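Data file: data17.csv. Format and content: CSV, C-alpha atoms.
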```
chain,number,residue,atom,x,y,z
J,23,ASP,CA,16.4,54.4,12.7
J,24,ALA,CA,19.0,53.7,15.3
J,25,LEU,CA,21.6,53.3,12.5
J,26,ASP,CA,20.6,56.6,11.0
J,27,LYS,CA,20.9,58.4,14.3
J,28,ALA,CA,24.3,56.8,14.9
J,29,ASN,CA,25.5,58.0,11.5
J,30,ALA,CA,24.3,61.5,12.3
J,31,VAL,CA,26.2,61.6,15.5
J,32,LEU,CA,29.3,60.1,13.9
J,33,THR,CA,29.4,62.9,11.2
J,34,ASN,CA,28.6,65.6,13.8
J,35,ASP,CA,31.9,67.1,14.8
J,36,ASN,CA,30.1,69.0,17.6
J,37,ALA,CA,28.4,65.9,19.1
J,38,THR,CA,28.9,65.5,22.8
J,39,GLN,CA,30.1,62.4,24.6
J,40,GLU,CA,26.7,61.9,26.0
J,41,GLU,CA,25.1,61.9,22.5
J,42,VAL,CA,27.8,59.5,21.3
J,43,ASP,CA,27.1,57.1,24.2
J,44,GLU,CA,23.4,57.3,23.6
J,45,ALA,CA,23.7,56.6,19.9
J,46,TYR,CA,26.0,53.7,20.6
J,47,ASP,CA,23.6,52.2,23.2
J,48,ASN,CA,20.6,52.6,20.9
J,49,LEU,CA,22.5,51.0,18.0
J,50,GLN,CA,23.7,48.1,20.1
J,51,ALA,CA,20.2,47.5,21.4
J,52,ALA,CA,18.9,47.5,17.8
J,53,ILE,CA,21.6,45.0,16.8
J,54,ASP,CA,20.8,42.7,19.8
J,55,GLY,CA,17.1,42.8,18.9
J,56,LEU,CA,17.7,41.6,15.4
J,57,ILE,CA,16.1,38.2,14.6
J,58,GLU,CA,18.2,36.0,12.4
J,59,VAL,CA,16.2,35.0,9.4
J,60,LYS,CA,17.2,31.6,8.2
J,61,GLN,CA,16.6,30.6,4.6
J,62,VAL,CA,13.8,28.0,4.3
J,63,ASP,CA,14.9,24.8,2.6
J,64,LYS,CA,12.1,23.4,0.4
J,65,SER,CA,14.2,21.1,-1.7
J,66,LEU,CA,13.0,17.8,-0.1
J,67,LEU,CA,9.4,18.9,-0.2
J,68,GLU,CA,9.7,19.9,-3.9
J,69,ALA,CA,11.3,16.6,-4.8
J,70,MET,CA,8.5,14.7,-3.0
J,71,VAL,CA,5.8,16.7,-4.7
J,72,ASN,CA,7.4,16.0,-8.1
J,73,ARG,CA,7.6,12.3,-7.4
J,74,VAL,CA,4.0,12.0,-6.4
J,75,LEU,CA,2.9,14.1,-9.5
J,76,GLY,CA,4.8,11.5,-11.6
J,77,LEU,CA,2.7,8.6,-10.4
J,78,GLU,CA,0.0,6.9,-12.5
J,79,GLU,CA,-3.4,7.0,-10.8
J,80,ASP,CA,-4.7,3.8,-12.4
J,81,LYS,CA,-2.0,1.7,-10.8
J,82,TYR,CA,-3.3,2.4,-7.3
J,83,ILE,CA,-6.3,1.4,-5.3
J,84,ALA,CA,-8.8,4.3,-5.6
J,85,SER,CA,-9.4,4.8,-1.9
J,86,SER,CA,-5.7,5.2,-1.1
J,87,TRP,CA,-5.2,7.6,-4.1
J,88,GLN,CA,-8.1,9.8,-3.0
J,89,ALA,CA,-6.7,9.9,0.5
J,90,MET,CA,-3.4,11.2,-0.8
J,91,LEU,CA,-4.8,14.0,-3.0
J,92,PRO,CA,-5.6,16.6,-0.3
J,93,VAL,CA,-2.2,16.0,1.3
J,94,LEU,CA,-0.5,16.7,-2.0
J,95,GLU,CA,-2.6,19.8,-2.5
J,96,THR,CA,-1.5,21.2,0.9
J,97,ALA,CA,2.2,20.4,0.1
J,98,GLN,CA,1.9,22.3,-3.2
J,99,GLU,CA,0.4,25.3,-1.3
J,100,VAL,CA,3.3,25.4,1.2
J,101,LEU,CA,5.8,25.0,-1.7
J,102,ALA,CA,4.3,28.0,-3.4
J,103,ASN,CA,4.1,30.1,-0.2
J,104,ASN,CA,7.2,32.4,0.0
J,105,ASN,CA,6.4,33.2,3.6
J,106,ALA,CA,6.2,29.5,4.7
J,107,THR,CA,8.4,28.7,7.7
J,108,GLN,CA,10.7,25.7,7.9
J,109,ALA,CA,8.4,24.1,10.4
J,110,GLU,CA,5.5,24.3,7.9
J,111,VAL,CA,7.6,22.9,5.1
J,112,ASP,CA,8.8,20.0,7.3
J,113,LYS,CA,5.2,19.3,8.4
J,114,ALA,CA,4.0,19.2,4.8
J,115,TYR,CA,6.9,17.0,3.7
J,116,ASP,CA,6.2,14.5,6.5
J,117,ALA,CA,2.5,14.3,5.7
J,118,LEU,CA,3.2,13.7,2.0
J,119,ILE,CA,5.7,11.0,2.8
J,120,ARG,CA,3.1,9.2,4.9
J,121,ALA,CA,0.4,9.5,2.3
J,122,TYR,CA,2.8,8.3,-0.4
J,123,LEU,CA,3.7,5.2,1.7
J,124,ASP,CA,0.0,4.5,2.3
J,125,LEU,CA,-0.7,4.2,-1.4
J,126,ARG,CA,-1.8,0.7,-2.2
J,127,VAL,CA,-0.8,-0.7,-5.6
J,128,LYS,CA,-3.5,-2.7,-7.4
J,129,PRO,CA,-2.6,-6.4,-7.2
J,130,ASN,CA,-2.4,-8.6,-10.3
J,131,LYS,CA,-5.4,-10.8,-10.4
J,132,ASP,CA,-4.6,-12.7,-13.6
J,133,ILE,CA,-3.7,-16.0,-11.9
J,134,LEU,CA,-6.7,-15.8,-9.6
J,135,SER,CA,-9.0,-15.3,-12.6
J,136,GLY,CA,-7.3,-18.3,-14.4
J,137,LEU,CA,-7.9,-20.5,-11.4
J,138,ILE,CA,-11.6,-19.5,-11.3
J,139,ASN,CA,-12.0,-20.3,-15.0
J,140,LYS,CA,-10.3,-23.6,-14.5
J,141,ALA,CA,-12.6,-24.6,-11.7
J,142,ASN,CA,-15.7,-23.5,-13.6
J,143,GLY,CA,-14.6,-25.6,-16.5
J,144,LEU,CA,-14.6,-28.8,-14.5
J,145,ASN,CA,-17.4,-31.4,-14.4
J,146,ALA,CA,-18.8,-31.7,-10.9
J,147,ALA,CA,-20.0,-35.3,-11.6
J,148,SER,CA,-16.4,-36.4,-12.0
J,149,TYR,CA,-15.5,-35.7,-8.4
J,150,SER,CA,-16.7,-36.6,-5.0
J,151,ALA,CA,-19.4,-34.4,-3.5
J,152,LYS,CA,-17.3,-33.6,-0.4
J,153,THR,CA,-14.3,-32.3,-2.3
J,154,TRP,CA,-16.3,-30.6,-5.0
J,155,ALA,CA,-18.2,-28.6,-2.3
J,156,VAL,CA,-14.9,-27.3,-1.0
J,157,VAL,CA,-14.0,-26.1,-4.5
J,158,GLU,CA,-17.4,-24.4,-5.0
J,159,ASN,CA,-17.0,-22.6,-1.7
J,160,GLU,CA,-13.5,-21.3,-2.6
J,161,VAL,CA,-14.6,-20.3,-6.0
J,162,ILE,CA,-17.3,-18.0,-4.5
J,163,LYS,CA,-14.8,-16.4,-2.2
J,164,ALA,CA,-12.2,-16.0,-5.0
J,165,GLN,CA,-14.9,-14.4,-7.2
J,166,GLU,CA,-15.6,-11.8,-4.5
J,167,VAL,CA,-12.0,-10.9,-4.3
J,168,LEU,CA,-11.7,-10.8,-8.0
J,169,GLU,CA,-14.5,-8.3,-8.3
J,170,ASP,CA,-13.5,-6.2,-5.3
J,171,PRO,CA,-11.6,-3.0,-6.5
J,172,GLU,CA,-10.3,-2.5,-3.0
J,173,ALA,CA,-8.9,-6.0,-2.6
J,174,SER,CA,-5.3,-6.0,-1.3
J,175,GLU,CA,-2.3,-8.0,-2.5
J,176,ALA,CA,-2.6,-10.2,0.6
J,177,GLU,CA,-6.3,-10.9,0.0
J,178,VAL,CA,-5.6,-11.9,-3.6
J,179,LYS,CA,-2.7,-14.2,-2.6
J,180,ALA,CA,-4.9,-15.8,0.1
J,181,ALA,CA,-7.7,-16.5,-2.4
J,182,LYS,CA,-5.2,-18.0,-4.9
J,183,LYS,CA,-3.7,-20.2,-2.2
J,184,ALA,CA,-7.1,-21.4,-0.9
J,185,LEU,CA,-8.5,-22.2,-4.4
J,186,THR,CA,-5.4,-23.9,-5.5
J,187,LYS,CA,-5.5,-26.1,-2.5
J,188,ALA,CA,-9.1,-26.9,-3.1
J,189,LEU,CA,-8.5,-27.9,-6.7
J,190,GLU,CA,-5.5,-30.1,-5.7
J,191,GLY,CA,-7.8,-31.8,-3.2
J,192,LEU,CA,-10.4,-32.9,-5.7
J,193,GLU,CA,-11.0,-36.6,-5.5
J,194,PRO,CA,-12.2,-38.3,-8.8
J,195,VAL,CA,-15.3,-40.6,-8.5
J,196,LYS,CA,-14.1,-44.2,-8.5
J,197,ALA,CA,-15.3,-46.4,-11.4
J,198,GLY,CA,-17.0,-49.7,-10.7
J,199,ASP,CA,-18.8,-49.2,-7.4
J,200,THR,CA,-19.0,-52.8,-5.8
J,201,THR,CA,-22.2,-52.1,-3.9
J,202,ALA,CA,-23.9,-50.9,-7.1
J,203,ASN,CA,-22.7,-53.9,-9.0
J,204,ALA,CA,-23.9,-56.2,-6.3
J,205,ILE,CA,-27.4,-54.8,-6.5
J,206,LYS,CA,-27.5,-55.2,-10.3
J,207,THR,CA,-26.3,-58.8,-10.1
J,208,GLY,CA,-29.0,-59.6,-7.5
J,209,ASP,CA,-31.7,-58.0,-9.7
J,210,SER,CA,-30.6,-60.1,-12.7
J,211,SER,CA,-30.7,-63.3,-10.7
J,212,SER,CA,-34.2,-62.6,-9.5
J,213,VAL,CA,-35.4,-61.9,-13.1
J,214,GLY,CA,-33.8,-65.2,-14.2
J,215,ILE,CA,-35.5,-67.2,-11.5
J,216,PHE,CA,-38.9,-65.6,-12.3
J,217,ILE,CA,-38.5,-66.4,-16.0
J,218,GLY,CA,-37.5,-70.0,-15.1
J,219,LEU,CA,-40.5,-70.5,-12.9
J,220,SER,CA,-42.8,-69.1,-15.5
J,221,VAL,CA,-41.6,-71.5,-18.1
J,222,LEU,CA,-42.0,-74.5,-15.7
J,223,SER,CA,-45.5,-73.4,-14.9
J,224,ILE,CA,-46.5,-73.2,-18.6
J,225,LEU,CA,-45.0,-76.7,-19.2
J,226,GLY,CA,-46.8,-78.1,-16.2
J,227,LEU,CA,-50.1,-76.7,-17.4
J,228,ARG,CA,-49.6,-78.3,-20.8
J,229,ILE,CA,-48.8,-81.7,-19.4
J,230,PHE,CA,-51.8,-81.5,-17.1
J,231,LYS,CA,-54.1,-80.7,-20.1
J,232,LYS,CA,-52.6,-83.6,-22.1
J,233,ARG,CA,-53.2,-86.0,-19.3
J,234,LYS,CA,-56.8,-84.8,-18.9
J,235,TYR,CA,-57.4,-85.3,-22.6
J,236,PHE,CA,-55.9,-88.8,-22.5
J,237,PHE,CA,-58.1,-90.1,-19.7
J,238,LYS,CA,-61.2,-89.0,-21.5
```
Mind converting the file's structure to structure tokens?
Amino acid sequence: DALDKANAVLTNDNATQEEVDEAYDNLQAAIDGLIEVKQVDKSLLEAMVNRVLGLEEDKYIASSWQAMLPVLETAQEVLANNNATQAEVDKAYDALIRAYLDLRVKPNKDILSGLINKANGLNAASYSAKTWAVVENEVIKAQEVLEDPEASEAEVKAAKKALTKALEGLEPVKAGDTTANAIKTGDSSSVGIFIGLSVLSILGLRIFKKRKYFFK
């Protein structure tokens, strides 16, 4: 409007100095009141959205993936909004970066599973009760981690380490227990003595009967 009036005064050969000054002042005021519109840069946000969209859901722990989805949705809305400000774009980008970094990759549990199978395949009778109890306890803990879909990489590593240590600490039962052998030997001697005394008693009885018959 100020520009149109200024043009009208400019083309008016009969315009007074007062009209020229007024048109100038109005145009200058309009120029001073202009707000510089900066172009919003969405390149970083767009690149981040594309990166997240390229991820495979089944490689990540479910809870962390679900937490990221609403953040991604907001970022896509800002990206599609032609009236979004740079501040809104930057905020959406920062939030998506944080959600991306919070994603937790599913840990590989193959080694842990193998250790559990190894422990379950052992014969408890072949090892000392004390060391076997340690293995049993660690197997229970490891099984819980194996079946936990939210288990972290750190938890899987800790379970593997603990079960490996327990298996390495197994003590085989020693063959030929001396105490047991001593008991068996004593039992055999007692049986031998009993048999010997029985034989002597029978012989003595026969001799006694013969003597009794002879004196008749």
Problem set entry | Shortest interatomic distance to Leu144 in chain J - which of J:Pro92, J:Pro194, J:Gly76, J:Gly55, counting all atoms listed in the file |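 Once distances to Leu144 in chain J are computed over all atoms listed in the file, the minimum belongs to J:Pro194.
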For this session: Counting all atoms listed in the file, write as a PyMOL selection string all protein and nucleic acid residues lying at most 9 Å from (-7.9, -6.4, -4.7) in the file's frame.
Result: chain J and resi 83+128-131+167-178
Problem set entry | Gap from CA of Asn103 in chain J to CA of Arg73 in chain J - Å, one decimal | 19.5 Å
Exercise. Contacts of range 108-118 of chain J at 9 Å or less, counting only C-alpha atoms, minus same-chain residues fewer than 4 places along, as a ChimeraX atom specification?
Worked result: /J:60-64,66-68,70-71,74,90,93-94,96-98,100-101,122-123
Exercise. Separation of CA of Asn159 in chain J and CA of Ala181 in chain J, in Å?
Worked result: 11.1 Å
Problem set entry | Separation of CA of Glu190 in chain J from CA of Glu166 in chain J, in Å and rounded to one decimal |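 According to the coordinates, CA of Glu190 in chain J and CA of Glu166 in chain J are separated by 20.9 Å.
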Exercise. For Trp87 in chain J, which residue among J:Asp124, J:Glu99, J:Asp54, J:Glu40 is the nearest when counting all atoms listed in the file?
Worked result: J:Asp124
Exercise. Using all atoms listed in the file, which of the listed residues (J:Ala45, J:Ala69, J:Ala141, J:Thr186) sits closest to Ile119 in chain J?
Worked result: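 Between J:Ala45, J:Ala69, J:Ala141, J:Thr186, the residue approaching Ile119 in chain J most closely is J:Ala69.
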Atoms added to range 28-56 of chain J (N, CA and C atoms), reported as an mmCIF file, keeping the file's coordinate frame:
```
data_model
loop_
_atom_site.group_PDB
_atom_site.id
_atom_site.type_symbol
_atom_site.label_atom_id
_atom_site.label_comp_id
_atom_site.auth_asym_id
_atom_site.auth_seq_id
_atom_site.Cartn_x
_atom_site.Cartn_y
_atom_site.Cartn_z
ATOM 1 N N ALA J 28 22.888 57.049 14.630
ATOM 2 C CA ALA J 28 24.300 56.800 14.900
ATOM 3 C C ALA J 28 25.189 57.452 13.877
ATOM 4 N N ASN J 29 24.766 57.345 12.615
ATOM 5 C CA ASN J 29 25.500 58.000 11.500
ATOM 6 C C ASN J 29 25.535 59.503 11.668
ATOM 7 N N ALA J 30 24.390 60.033 12.103
ATOM 8 C CA ALA J 30 24.300 61.500 12.300
ATOM 9 C C ALA J 30 25.240 61.976 13.364
ATOM 10 N N VAL J 31 25.309 61.217 14.442
ATOM 11 C CA VAL J 31 26.200 61.600 15.500
ATOM 12 C C VAL J 31 27.659 61.432 15.094
ATOM 13 N N LEU J 32 27.901 60.382 14.304
ATOM 14 C CA LEU J 32 29.300 60.100 13.900
ATOM 15 C C LEU J 32 29.802 61.242 12.966
ATOM 16 N N THR J 33 28.930 61.812 12.164
ATOM 17 C CA THR J 33 29.400 62.900 11.200
ATOM 18 C C THR J 33 29.275 64.274 11.858
ATOM 19 N N ASN J 34 28.785 64.317 13.077
ATOM 20 C CA ASN J 34 28.600 65.600 13.800
ATOM 21 C C ASN J 34 29.870 65.892 14.596
ATOM 22 N N ASP J 35 30.647 66.816 14.118
ATOM 23 C CA ASP J 35 31.900 67.100 14.800
ATOM 24 C C ASP J 35 31.608 67.775 16.206
ATOM 25 N N ASN J 36 30.417 68.300 16.386
ATOM 26 C CA ASN J 36 30.100 69.000 17.600
ATOM 27 C C ASN J 36 29.308 68.070 18.601
ATOM 28 N N ALA J 37 29.179 66.787 18.243
ATOM 29 C CA ALA J 37 28.400 65.900 19.100
ATOM 30 C C ALA J 37 29.128 65.702 20.437
ATOM 31 N N THR J 38 28.333 65.705 21.491
ATOM 32 C CA THR J 38 28.900 65.500 22.800
ATOM 33 C C THR J 38 29.109 64.063 23.117
ATOM 34 N N GLN J 39 29.860 63.802 24.168
ATOM 35 C CA GLN J 39 30.100 62.400 24.600
ATOM 36 C C GLN J 39 28.818 61.723 24.963
ATOM 37 N N GLU J 40 27.952 62.504 25.559
ATOM 38 C CA GLU J 40 26.700 61.900 26.000
ATOM 39 C C GLU J 40 25.858 61.493 24.759
ATOM 40 N N GLU J 41 25.877 62.287 23.685
ATOM 41 C CA GLU J 41 25.100 61.900 22.500
ATOM 42 C C GLU J 41 25.775 60.705 21.793
ATOM 43 N N VAL J 42 27.090 60.661 21.842
ATOM 44 C CA VAL J 42 27.800 59.500 21.300
ATOM 45 C C VAL J 42 27.433 58.234 22.019
ATOM 46 N N ASP J 43 27.463 58.327 23.343
ATOM 47 C CA ASP J 43 27.100 57.100 24.200
ATOM 48 C C ASP J 43 25.692 56.687 23.934
ATOM 49 N N GLU J 44 24.806 57.664 23.829
ATOM 50 C CA GLU J 44 23.400 57.300 23.600
ATOM 51 C C GLU J 44 23.189 56.668 22.258
ATOM 52 N N ALA J 45 23.838 57.196 21.232
ATOM 53 C CA ALA J 45 23.700 56.600 19.900
ATOM 54 C C ALA J 45 24.283 55.203 19.860
ATOM 55 N N TYR J 46 25.380 55.028 20.585
ATOM 56 C CA TYR J 46 26.000 53.700 20.600
ATOM 57 C C TYR J 46 25.070 52.693 21.324
ATOM 58 N N ASP J 47 24.520 53.100 22.459
ATOM 59 C CA ASP J 47 23.600 52.200 23.200
ATOM 60 C C ASP J 47 22.393 51.832 22.383
ATOM 61 N N ASN J 48 21.841 52.825 21.700
ATOM 62 C CA ASN J 48 20.600 52.600 20.900
ATOM 63 C C ASN J 48 20.956 51.617 19.708
ATOM 64 N N LEU J 49 22.117 51.838 19.107
ATOM 65 C CA LEU J 49 22.500 51.000 18.000
ATOM 66 C C LEU J 49 22.774 49.556 18.445
ATOM 67 N N GLN J 50 23.410 49.421 19.601
ATOM 68 C CA GLN J 50 23.700 48.100 20.100
ATOM 69 C C GLN J 50 22.403 47.356 20.494
ATOM 70 N N ALA J 51 21.463 48.103 21.050
ATOM 71 C CA ALA J 51 20.200 47.500 21.400
ATOM 72 C C ALA J 51 19.436 47.034 20.150
ATOM 73 N N ALA J 52 19.543 47.829 19.089
ATOM 74 C CA ALA J 52 18.900 47.500 17.800
ATOM 75 C C ALA J 52 19.521 46.201 17.245
ATOM 76 N N ILE J 53 20.846 46.135 17.347
ATOM 77 C CA ILE J 53 21.600 45.000 16.800
ATOM 78 C C ILE J 53 21.176 43.712 17.636
ATOM 79 N N ASP J 54 21.115 43.869 18.948
ATOM 80 C CA ASP J 54 20.800 42.700 19.800
ATOM 81 C C ASP J 54 19.326 42.261 19.550
ATOM 82 N N GLY J 55 18.495 43.185 19.093
ATOM 83 C CA GLY J 55 17.100 42.800 18.900
ATOM 84 C C GLY J 55 16.828 42.230 17.496
ATOM 85 N N LEU J 56 17.861 42.187 16.693
ATOM 86 C CA LEU J 56 17.700 41.600 15.400
ATOM 87 C C LEU J 56 17.389 40.101 15.465
#
```
